[in-house]
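This is protein.txt (compact mmCIF, C-alpha atoms).
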# COMPACT_ATOMS: atom_id res chain seq x y z
CA MET A 403 12.98 -5.51 4.33
CA ASP A 404 12.72 -4.35 7.89
CA VAL A 405 11.81 -1.39 10.02
CA THR A 406 15.21 0.34 9.84
CA VAL A 407 14.41 1.65 6.34
CA ILE A 408 11.64 3.84 7.82
CA TYR A 409 13.97 5.28 10.44
CA GLN A 410 16.58 5.98 7.75
CA ILE A 411 14.03 7.87 5.65
CA ALA A 412 12.77 9.80 8.70
CA GLY A 413 16.36 10.69 9.67
CA LEU A 414 17.12 11.88 6.16
CA GLY A 415 13.97 14.02 6.28
CA ILE A 416 14.93 15.58 9.63
CA ILE A 417 18.51 16.33 8.44
CA ILE A 418 17.22 17.91 5.24
CA ALA A 419 14.63 19.95 7.16
CA ILE A 420 17.31 21.31 9.52
CA LEU A 421 19.72 22.12 6.66
CA ASN A 422 16.80 23.74 4.91
CA ILE A 423 16.16 26.00 7.90
CA PHE A 424 19.87 26.95 8.03
CA LEU A 425 20.04 27.72 4.32
CA SER A 426 16.90 29.83 4.32
CA GLN A 427 18.09 31.72 7.42
CA ALA A 428 21.37 32.41 5.57
CA GLY A 429 19.38 33.96 2.77
CA ARG A 430 19.95 31.17 0.23
CA GLY A 431 16.35 30.36 -0.56
CA GLU A 432 17.03 28.81 -3.99
CA GLN A 433 19.61 26.39 -2.62
CA ALA A 434 17.24 25.45 0.20
CA GLN A 435 14.54 24.64 -2.35
CA MET A 436 16.97 22.59 -4.46
CA LEU A 437 18.05 20.70 -1.34
CA SER A 438 14.50 19.80 -0.39
CA LEU A 439 13.74 18.77 -3.99
CA ALA A 440 16.84 16.54 -4.03
CA GLY A 441 15.79 14.94 -0.75
CA VAL A 442 12.30 14.24 -2.02
CA ILE A 443 13.67 12.65 -5.21
CA ILE A 444 16.22 10.49 -3.35
CA VAL A 445 13.52 9.16 -1.03
CA LEU A 446 11.18 8.66 -3.97
CA VAL A 447 13.72 6.49 -5.82
CA TRP A 448 14.07 4.47 -2.62
CA LEU A 449 10.32 4.13 -2.25
CA VAL A 450 9.59 3.14 -5.84
CA GLN A 451 11.61 -0.05 -5.42
CA MET A 452 9.79 -0.80 -2.16
CA ILE A 453 6.41 -0.22 -3.81
CA ALA A 454 7.27 -2.53 -6.71
CA ASN A 455 8.41 -5.19 -4.26
CA PHE A 456 5.24 -4.81 -2.21
CA PHE A 457 2.86 -4.98 -5.18
CA ASN A 458 4.62 -8.10 -6.48
CA ASP A 459 4.12 -9.74 -3.09
CA VAL A 460 0.45 -8.76 -2.95
CA GLU A 461 -0.07 -10.13 -6.44
CA SER A 462 1.51 -13.44 -5.51
CA VAL A 463 -0.46 -13.74 -2.26
CA PHE A 464 -3.86 -12.98 -3.77
CA GLN A 465 -2.99 -14.69 -7.09
CA LEU A 466 -3.98 -11.71 -9.19
CA TRP A 467 -3.46 -11.92 -12.97
CA GLN A 468 -4.04 -15.65 -13.15
CA MET B 551 3.48 -13.09 16.04
CA GLY B 552 6.69 -11.36 17.07
CA GLU B 553 6.41 -8.91 14.20
CA ILE B 554 3.37 -7.18 15.78
CA ALA B 555 5.50 -5.61 18.53
CA GLY B 556 7.98 -4.21 15.99
CA VAL B 557 5.23 -2.77 13.81
CA VAL B 558 3.47 -1.07 16.73
CA ALA B 559 6.72 0.34 18.13
CA ALA B 560 7.68 1.67 14.70
CA ALA B 561 4.20 3.22 14.33
CA VAL B 562 4.53 5.15 17.60
CA ALA B 563 8.09 6.32 16.84
CA ILE B 564 7.15 7.34 13.29
CA SER B 565 4.14 9.29 14.57
CA VAL B 566 6.44 11.34 16.80
CA PHE B 567 8.82 12.01 13.87
CA LEU B 568 5.90 12.93 11.63
CA VAL B 569 4.75 15.67 14.01
CA PHE B 570 7.99 17.48 13.17
CA LEU B 571 8.31 16.39 9.52
CA ARG B 572 4.77 17.30 8.46
CA ARG B 573 5.33 20.87 9.65
CA GLU B 574 8.86 21.41 8.30
CA MET B 575 8.88 19.18 5.19
CA ALA B 576 5.43 17.91 4.31
CA SER B 577 6.64 16.04 1.19
CA ILE B 578 9.16 13.87 3.05
CA GLY B 579 6.60 13.41 5.83
CA ALA B 580 4.18 11.88 3.35
CA GLN B 581 6.96 9.66 2.01
CA VAL B 582 7.84 8.45 5.52
CA ALA B 583 4.20 7.56 6.08
CA LEU B 584 4.20 5.68 2.76
CA ALA B 585 7.38 3.81 3.70
CA PHE B 586 5.89 2.83 7.05
CA VAL B 587 2.72 1.55 5.40
CA ILE B 588 4.70 -0.54 2.91
CA VAL B 589 6.99 -2.07 5.53
CA ALA B 590 4.11 -2.81 7.93
CA LEU B 591 2.05 -4.45 5.19
CA LEU B 592 5.03 -6.47 3.97
CA THR B 593 5.45 -7.89 7.45
CA LEU B 594 1.72 -8.62 7.67
CA LEU B 595 1.66 -10.26 4.24
CA GLU B 596 3.28 -13.49 5.43
CA PRO B 597 0.56 -14.25 8.06
CA LEU B 598 -1.99 -13.25 5.43
CA ARG B 599 -0.52 -15.80 3.01
CA ARG B 600 -0.94 -18.53 5.62
CA LEU B 601 -4.54 -17.38 6.23
CA ILE B 602 -5.36 -17.52 2.53
CA ASP B 603 -3.81 -20.97 2.16
CA ALA B 604 -6.04 -22.15 5.02
CA PHE B 605 -9.00 -20.55 3.25
CA TRP B 606 -8.18 -22.48 0.06
CA GLU B 607 -7.97 -25.73 2.05
CA LEU B 608 -11.38 -25.08 3.66
CA SER B 609 -13.01 -24.30 0.33
CA ARG B 610 -11.50 -27.41 -1.24
CA GLY B 611 -12.90 -29.47 1.64
CA ALA B 612 -16.33 -27.87 1.24
CA GLY B 613 -16.30 -28.54 -2.50
CA VAL B 614 -16.77 -24.91 -3.60
CA ARG B 615 -15.77 -24.27 -7.20
CA PRO B 616 -12.27 -22.73 -7.27
CA LEU B 617 -13.43 -20.04 -9.72
CA TYR B 618 -15.60 -18.38 -7.09
CA ILE B 619 -12.97 -18.48 -4.36
CA SER B 620 -10.37 -17.00 -6.69
CA VAL B 621 -12.75 -14.15 -7.63
CA VAL B 622 -13.29 -13.37 -3.94
CA LEU B 623 -9.56 -13.45 -3.19
CA LYS B 624 -8.70 -11.26 -6.18
CA ALA B 625 -11.37 -8.75 -5.13
CA ILE B 626 -9.91 -8.66 -1.62
CA GLY B 627 -6.43 -8.10 -3.07
CA ILE B 628 -7.57 -5.25 -5.31
CA ALA B 629 -9.51 -3.65 -2.45
CA TYR B 630 -6.43 -3.94 -0.24
CA ILE B 631 -4.10 -2.22 -2.75
CA THR B 632 -6.52 0.50 -3.82
CA SER B 633 -7.78 1.42 -0.35
CA ILE B 634 -4.21 1.84 0.88
CA GLY B 635 -3.27 3.88 -2.19
CA ALA B 636 -6.34 6.08 -1.82
CA ALA B 637 -5.70 6.64 1.89
CA LEU B 638 -2.11 7.65 1.17
CA CYS B 639 -3.18 10.09 -1.55
CA LYS B 640 -5.76 11.64 0.80
CA ASP B 641 -3.13 11.81 3.55
CA ALA B 642 -0.88 13.83 1.25
CA GLY B 643 -3.77 16.27 0.71
CA GLU B 644 -4.84 15.05 -2.76
CA ASP B 645 -8.46 14.03 -2.31
CA ALA B 646 -9.22 13.99 -6.05
CA VAL B 647 -6.37 11.58 -6.84
CA GLY B 648 -7.48 9.33 -4.00
CA ALA B 649 -11.05 9.30 -5.30
CA VAL B 650 -9.80 8.25 -8.75
CA VAL B 651 -7.77 5.41 -7.20
CA GLU B 652 -10.89 4.21 -5.37
CA LEU B 653 -12.90 4.41 -8.58
CA ALA B 654 -10.24 2.37 -10.41
CA GLY B 655 -10.51 -0.30 -7.72
CA LYS B 656 -14.30 -0.42 -7.98
CA VAL B 657 -14.17 -0.72 -11.77
CA SER B 658 -11.61 -3.51 -11.75
CA ILE B 659 -13.51 -5.44 -9.06
CA LEU B 660 -16.70 -5.13 -11.15
CA ILE B 661 -14.86 -6.41 -14.22
CA LEU B 662 -13.52 -9.28 -12.13
CA ALA B 663 -17.01 -10.16 -10.90
CA LEU B 664 -18.60 -9.94 -14.35
CA PRO B 665 -18.45 -13.71 -15.11
CA VAL B 666 -20.14 -14.48 -11.77
CA VAL B 667 -22.87 -11.90 -12.37
CA ALA B 668 -23.38 -13.29 -15.87
CA ALA B 669 -23.67 -16.81 -14.44
CA ILE B 670 -26.29 -15.66 -11.91
CA LEU B 671 -28.30 -13.92 -14.64
CA ASP B 672 -28.01 -17.03 -16.80
CA VAL B 673 -29.44 -19.21 -14.02
CA LEU B 674 -32.22 -16.68 -13.40
CA VAL B 675 -33.19 -16.60 -17.07
CA ARG B 676 -33.31 -20.38 -17.17
CA LEU B 677 -35.38 -20.52 -13.96
CA LEU B 678 -37.93 -17.98 -15.21
CA PRO B 679 -38.89 -19.00 -18.73
CA GLY B 680 -40.84 -16.66 -20.89
Spell out the structure here as structure tokens.
Amino acid sequence: MDVTVIYQIAGLGIIIAILNIFLSQAGRGEQAQMLSLAGVIIVLVWLVQMIANFFNDVESVFQLWQ
Amino acid sequence: MGEIAGVVAAAVAISVFLVFLRREMASIGAQVALAFVIVALLTLLEPLRRLIDAFWELSRGAGVRPLYISVVLKAIGIAYITSIGAALCKDAGEDAVGAVVELAGKVSILILALPVVAAILDVLVRLLPG
């Protein structure tokens, strides 16, 4: 786990935002919405694993549930 | 503490990205903030583990009962998780969800501290007969 994950997520967000602007300028509002929803879900799947990892570590450090 | 420099540099860079992302795509902006918080705390967790081990050593030397130290450490852990979760919810604009997360933390810390409170009341009742 290192800092590059954050930059990857931020880059994905910037790419999706730019594509979103293009699609909505081209008059394809529904596809732009679907694209942003897909981006949010992809990043969320990524984040859920990180959150699980993090909470496990916090539990082991503070010896919760013992 | 070489990790401090990386965390601070990432914080500054992410803040610049977030200025754009929060305006164009607020949902991914919130997720980037969440990812940064998780990564920064994961890097800080290792020094924290060393600190807590030192704390255990000190308490063992001072002869404090391990039950009390473990209650304190668990309360710190719960406060840590819930305050971060509540701050992230409030950051994403959901104040009500954040308030519920804080309430959950308070309730679980109170449940955790219940044996200690009961022990204090027990001592008090024995000290003050009648």
ask   = Using only C-alpha atoms, which of A:Asn422, A:Gln427, A:Asn455, A:Thr406 sits nearest Gly441 in chain A?
value = A:Asn422
request  = Enumerate as a list of chain:residue names the residues belonging to chain A that approach chain B to within 8 Å, with all atoms listed in the file taken into account.
outcome  = A:Met403, A:Asp404, A:Val405, A:Val407, A:Ile408, A:Tyr409, A:Ile411, A:Ala412, A:Gly415, A:Ile416, A:Ala419, A:Ser438, A:Gly441, A:Val442, A:Val445, A:Leu446, A:Leu449, A:Met452, A:Ile453, A:Phe456, A:Phe457, A:Asp459, A:Val460, A:Glu461, A:Val463, A:Phe464, A:Gln465, A:Leu466
remark   = From CA of Ala434 in chain A to CA of Ile418 in chain A the spacing works out at 9.1 Å
query = CA of Leu653 in chain B and CA of Thr632 in chain B, how far apart in Å?
reply = 8.9 Å
request  = Please measure the separation of CA of Pro665 in chain B and CA of Pro679 in chain B, giving the value in Å to one decimal.
outcome  = 21.4 Å
Residue contacts of Val666 in chain B (9 Å, all atoms listed in the file) excluding same-chain residues fewer than 3 positions away, as a list in words = Leu617, Tyr618, Val621, Leu662, Ala663, Ala669, Ile670 and Leu671 of chain B
task = Write out as a VMD selection string each polymer residue whose atoms come within 8 Å of Ala642 in chain B, counting only C-alpha atoms; drop sequence neighbours fewer than 3 positions from it.
result = chain B and resid 577 580 638 to 639
